[in-house]
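Participant: Hey, dropping run05.cif in here, mmCIF, C-alpha atoms:
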```cif
data_model
#
loop_
_atom_site.label_atom_id
_atom_site.label_comp_id
_atom_site.auth_asym_id
_atom_site.auth_seq_id
_atom_site.Cartn_x
_atom_site.Cartn_y
_atom_site.Cartn_z
CA MET A 1 0.00 0.00 0.00
CA LYS A 2 2.77 2.42 1.01
CA LYS A 3 4.78 1.60 -2.13
CA THR A 4 1.73 2.16 -4.32
CA ILE A 5 1.14 5.58 -2.82
CA LEU A 6 4.80 6.53 -3.23
CA LEU A 7 4.75 5.31 -6.83
CA MET A 8 1.60 7.33 -7.56
CA VAL A 9 3.11 10.46 -6.00
CA GLY A 10 6.33 9.97 -7.97
CA LEU A 11 4.47 9.53 -11.25
CA SER A 12 2.32 12.57 -10.51
CA VAL A 13 5.42 14.68 -9.94
CA LEU A 14 6.89 13.50 -13.24
CA LEU A 15 3.66 14.19 -15.13
CA LEU A 16 3.17 17.61 -13.59
CA SER A 17 6.80 18.60 -14.07
CA GLY A 18 6.12 18.99 -17.75
CA CYS A 19 8.44 17.89 -20.44
CA CYS A 20 10.59 15.50 -18.43
CA VAL A 21 12.53 14.00 -21.34
CA CYS A 22 13.71 17.39 -22.61
CA ASN A 23 17.39 18.11 -22.12
CA ARG A 24 17.19 20.52 -19.20
CA ALA A 25 20.96 21.05 -19.24
CA ASN A 26 20.50 23.33 -22.25
CA TRP A 27 17.79 25.43 -20.63
CA PRO A 28 18.50 29.05 -19.73
CA GLU A 29 18.33 30.03 -16.10
CA GLN A 30 15.02 31.32 -14.81
CA PRO A 31 14.88 35.08 -14.46
CA VAL A 32 15.16 36.58 -10.99
CA LEU A 33 12.12 38.79 -10.58
CA ASP A 34 12.72 39.85 -6.98
CA HIS A 35 14.99 42.72 -7.97
CA MET A 36 12.59 44.09 -10.63
CA ASN A 37 10.40 47.08 -9.93
CA THR A 38 6.81 47.35 -11.17
CA MET A 39 7.76 49.02 -14.44
CA GLN A 40 10.32 46.29 -15.21
CA LYS A 41 7.81 43.55 -14.36
CA THR A 42 5.25 45.22 -16.63
CA GLN A 43 7.77 45.15 -19.49
CA TYR A 44 8.67 41.56 -18.67
CA LEU A 45 4.97 40.61 -18.80
CA THR A 46 4.60 42.37 -22.15
CA ASP A 47 7.57 40.45 -23.57
CA VAL A 48 6.36 37.08 -22.26
CA LYS A 49 2.85 37.78 -23.55
CA GLN A 50 4.15 38.63 -27.03
CA THR A 51 6.28 35.47 -27.16
CA LEU A 52 3.28 33.35 -26.13
CA ILE A 53 1.19 35.00 -28.87
CA ASN A 54 3.95 34.16 -31.37
CA PHE A 55 4.03 30.56 -30.13
CA ARG A 56 0.26 30.31 -30.54
CA THR A 57 0.41 31.65 -34.08
CA THR A 58 3.14 29.16 -34.95
CA ALA A 59 1.26 26.29 -33.27
CA VAL A 60 -1.88 27.05 -35.28
CA ASP A 61 0.17 27.13 -38.49
CA LEU A 62 1.85 23.83 -37.63
CA GLN A 63 -1.48 22.28 -36.60
CA SER A 64 -2.96 22.94 -40.01
CA HIS A 65 -0.35 20.59 -41.46
CA ARG A 66 -0.87 17.67 -39.02
CA PRO A 67 -3.69 15.23 -38.34
CA PRO A 68 -5.80 16.32 -35.32
CA ARG A 69 -5.22 14.81 -31.86
CA GLN A 70 -7.77 13.96 -29.23
CA ALA A 71 -7.94 16.29 -26.19
CA ASP A 72 -6.80 13.50 -23.88
CA GLU A 73 -3.85 12.52 -26.08
CA GLU A 74 -0.48 13.99 -25.06
CA PRO A 75 2.43 14.31 -27.49
CA ALA A 76 4.06 10.89 -27.97
CA ASP A 77 7.38 11.94 -26.50
CA CYS A 78 9.09 15.18 -25.81
CA GLN A 79 12.09 15.27 -28.08
CA ARG A 80 14.74 17.91 -27.58
CA GLU A 81 13.82 19.81 -30.70
CA GLY A 82 10.05 19.30 -30.64
CA PHE A 83 8.07 22.52 -30.86
CA HIS A 84 5.76 21.42 -28.02
CA CYS A 85 8.85 20.91 -25.88
CA GLU A 86 10.10 24.42 -26.65
CA VAL A 87 6.73 25.89 -25.67
CA ALA A 88 6.63 23.86 -22.45
CA ARG A 89 10.20 24.91 -21.69
CA TYR A 90 9.39 28.57 -22.30
CA VAL A 91 6.29 28.45 -20.09
CA GLU A 92 8.21 26.75 -17.29
CA THR A 93 11.27 28.99 -17.56
CA TYR A 94 9.74 32.41 -18.26
CA ALA A 95 5.98 32.39 -17.63
CA MET A 96 5.82 30.41 -14.39
CA PRO A 97 8.14 32.72 -12.42
CA ILE A 98 5.90 35.74 -13.12
CA LEU A 99 2.73 33.68 -12.59
CA ASN A 100 4.02 32.79 -9.13
CA ASP A 101 5.44 36.22 -8.25
CA ALA A 102 3.49 37.37 -5.18
CA GLU A 103 4.14 41.06 -5.86
CA ALA A 104 2.97 40.83 -9.49
CA LEU A 105 -0.17 38.97 -8.40
CA GLN A 106 -1.10 41.69 -5.90
CA ASN A 107 -0.04 44.83 -7.74
CA LEU A 108 -2.91 46.60 -9.49
CA GLU A 109 -0.70 47.49 -12.47
CA THR A 110 0.42 43.92 -13.14
CA ARG A 111 -2.40 41.67 -11.89
CA LEU A 112 -4.41 41.79 -15.12
CA GLU A 113 -1.31 41.17 -17.23
CA VAL A 114 -0.39 38.16 -15.07
CA ALA A 115 -3.89 36.77 -15.67
CA LYS A 116 -3.44 37.26 -19.43
CA VAL A 117 -0.07 35.48 -19.38
CA ASN A 118 -1.64 32.66 -17.34
CA LEU A 119 -4.41 32.14 -19.90
CA LEU A 120 -2.10 32.58 -22.91
CA SER A 121 0.29 30.00 -21.45
CA ALA A 122 -2.58 27.52 -21.07
CA TYR A 123 -3.66 28.16 -24.66
CA ALA A 124 -0.11 27.79 -26.01
CA LEU A 125 0.26 24.47 -24.21
CA TYR A 126 -3.15 23.31 -25.43
CA GLU A 127 -2.37 24.24 -29.01
CA THR A 128 0.90 22.30 -28.94
CA GLY A 129 -0.82 19.21 -27.57
CA SER A 130 0.29 19.46 -23.94
CA TYR A 131 -3.25 19.04 -22.65
CA GLY A 132 -2.36 18.02 -19.10
CA GLN A 133 -0.19 21.08 -18.57
CA ALA A 134 -2.85 23.28 -20.18
CA ARG A 135 -5.43 21.90 -17.73
CA SER A 136 -3.08 22.63 -14.82
CA LEU A 137 -2.63 26.25 -15.88
CA LEU A 138 -6.36 26.67 -16.51
CA LYS A 139 -7.00 25.27 -13.02
CA MET A 140 -4.52 27.83 -11.64
CA TYR A 141 -6.31 30.59 -13.56
CA ASP A 142 -9.72 29.46 -12.28
CA LYS A 143 -8.51 29.29 -8.69
CA ARG A 144 -7.09 32.81 -8.83
CA TYR A 145 -9.44 34.70 -11.11
CA ARG A 146 -12.73 32.89 -11.80
CA LYS A 147 -14.53 34.76 -9.02
CA ASP A 148 -12.78 38.07 -9.77
CA VAL A 149 -15.28 40.00 -11.90
CA SER A 150 -12.75 42.68 -12.82
CA ILE A 151 -10.43 40.06 -14.36
CA GLU A 152 -13.13 37.90 -15.92
CA THR A 153 -14.76 40.87 -17.66
CA ALA A 154 -11.50 42.56 -18.65
CA MET A 155 -11.42 43.32 -22.35
CA VAL A 156 -8.50 41.94 -24.33
CA ASP A 157 -7.18 42.72 -27.78
CA SER A 158 -8.94 40.27 -30.08
CA ARG A 159 -5.89 40.34 -32.39
CA ASP A 160 -3.82 38.79 -29.59
CA MET A 161 -6.50 36.39 -28.39
CA GLU A 162 -9.56 35.22 -30.31
CA PHE A 163 -11.95 36.25 -27.55
CA ALA A 164 -13.14 39.58 -26.19
CA THR A 165 -12.74 38.99 -22.43
CA LEU A 166 -10.56 36.77 -20.27
CA GLY A 167 -13.64 35.03 -18.87
CA GLU A 168 -14.80 34.17 -22.39
CA GLY A 169 -11.33 32.82 -23.20
CA ALA A 170 -11.25 30.67 -20.07
CA ARG A 171 -14.72 29.24 -20.84
CA ASN A 172 -13.63 28.51 -24.41
CA LEU A 173 -10.52 26.67 -23.24
CA ARG A 174 -12.50 24.72 -20.63
CA THR A 175 -14.81 23.56 -23.42
CA LYS A 176 -11.90 22.57 -25.68
CA LEU A 177 -10.21 20.62 -22.91
CA SER A 178 -13.41 18.79 -21.97
CA ASN A 179 -13.94 17.43 -25.52
#
```
What does this structure look like when you write it as structure tokens?

Facilitator:
Amino acid sequence: MKKTILLMVGLSVLLLSGCCVCNRANWPEQPVLDHMNTMQKTQYLTDVKQTLINFRTTAVDLQSHRPPRQADEEPADCQREGFHCEVARYVETYAMPILNDAEALQNLETRLEVAKVNLLSAYALYETGSYGQARSLLKMYDKRYRKDVSIETAMVDSRDMEFATLGEGARNLRTKLSN
């Protein structure tokens, strides 16, 4: 019984850690956000958001040339050069630190942008076939923002995201992940 529980916990850690076969030795170091002021964090969020938008555009282009996958089907394996691995690596290395930055989550100037990066990260992972990781980020978004009317009704640029509000985008992704 004890071994089974330990095995389940170990497997859960591996699955939730993302792209575990990727060569992490080649990854850049995570940025240190503690020394950044609000203006620097705002610029950082803008840069991360733009990169995620670029990843999504690329993923959609690549998807149009591949057979569709089921929502419960993960990529077969995470090869070092696989696009889905690069997206997962980027989200883990650059998006997650700002998504977990306590100051950015509380600051009125950055809170909305953090929510956008959270949802964009989930979409980028979904569109590259990393459905489990996308679900995890959507769950994080829901826990933090689903009851926050100001975030859920916040208007977003429809050129960056194909929805008008963050709440609409989260509902859309929930639907896609449930199919």

Participant: Quick one: residues within 9 Å of region 104-116 of chain A, only C-alpha atoms, excluding same-chain residues fewer than 6 positions away - as a ChimeraX atom specification?

Facilitator: /A:38-39,41-42,45-46,49,95,98,141,144-145,150-151,154,156,166

Participant: For the provided coordinates, the residues matched by the PyMOL selection byres ((chain A and resi 91) around 9) should be stated as a list in words.

Facilitator: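 For this structure, the PyMOL selection byres ((chain A and resi 91) around 9) captures Val48, Leu52, Glu86, Val87, Ala88, Arg89, Tyr90, Glu92, Thr93, Tyr94, Ala95, Met96, Pro97, Ser121, Ala122, Ala124 and Leu125 of chain A.
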
Participant: Now that the selection is made, can you save its residues with C-alpha atoms as a PDB file, in the coordinates of the input?

Facilitator:
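Written file, part.pdb:
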```
ATOM      1  CA  VAL A  48       6.360  37.080 -22.260  1.00  0.00           C
ATOM      2  CA  LEU A  52       3.280  33.350 -26.130  1.00  0.00           C
ATOM      3  CA  GLU A  86      10.100  24.420 -26.650  1.00  0.00           C
ATOM      4  CA  VAL A  87       6.730  25.890 -25.670  1.00  0.00           C
ATOM      5  CA  ALA A  88       6.630  23.860 -22.450  1.00  0.00           C
ATOM      6  CA  ARG A  89      10.200  24.910 -21.690  1.00  0.00           C
ATOM      7  CA  TYR A  90       9.390  28.570 -22.300  1.00  0.00           C
ATOM      8  CA  GLU A  92       8.210  26.750 -17.290  1.00  0.00           C
ATOM      9  CA  THR A  93      11.270  28.990 -17.560  1.00  0.00           C
ATOM     10  CA  TYR A  94       9.740  32.410 -18.260  1.00  0.00           C
ATOM     11  CA  ALA A  95       5.980  32.390 -17.630  1.00  0.00           C
ATOM     12  CA  MET A  96       5.820  30.410 -14.390  1.00  0.00           C
ATOM     13  CA  PRO A  97       8.140  32.720 -12.420  1.00  0.00           C
ATOM     14  CA  SER A 121       0.290  30.000 -21.450  1.00  0.00           C
ATOM     15  CA  ALA A 122      -2.580  27.520 -21.070  1.00  0.00           C
ATOM     16  CA  ALA A 124      -0.110  27.790 -26.010  1.00  0.00           C
ATOM     17  CA  LEU A 125       0.260  24.470 -24.210  1.00  0.00           C
TER      18      LEU A 125
END
```

Participant: Hey, which of A:Gln63, A:Tyr126, A:Asp157, A:Leu138 ends up closest to Arg171 (chain A)? Count all atoms listed in the file.

Facilitator: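 Among the listed residues, A:Leu138 lies closest to Arg171 (chain A).
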
Participant: Please, what distance in Å, to one decimal, runs between CA of Leu119 (chain A) and CA of Asp61 (chain A)?

Facilitator: 19.8 Å

Participant: Can you work out which one of A:Phe83, A:Tyr123, A:Phe163, A:Tyr44 has the shortest atom-to-atom distance to Ser136 (chain A), counting all atoms listed in the file?

Facilitator: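 Residue with the minimum atom-to-atom distance to Ser136 (chain A): A:Tyr123.
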
Participant: Would you compute the distance between CA of Thr153 (chain A) and CA of Leu99 (chain A)? Give it in Å to one decimal.

Facilitator: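 That distance, rounded to one decimal, is 19.6 Å.
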
Participant: Go ahead and compute the interatomic distance for CA of Gln133 (chain A) and CA of Ser178 (chain A), in Å to one decimal.

Facilitator: 13.8 Å
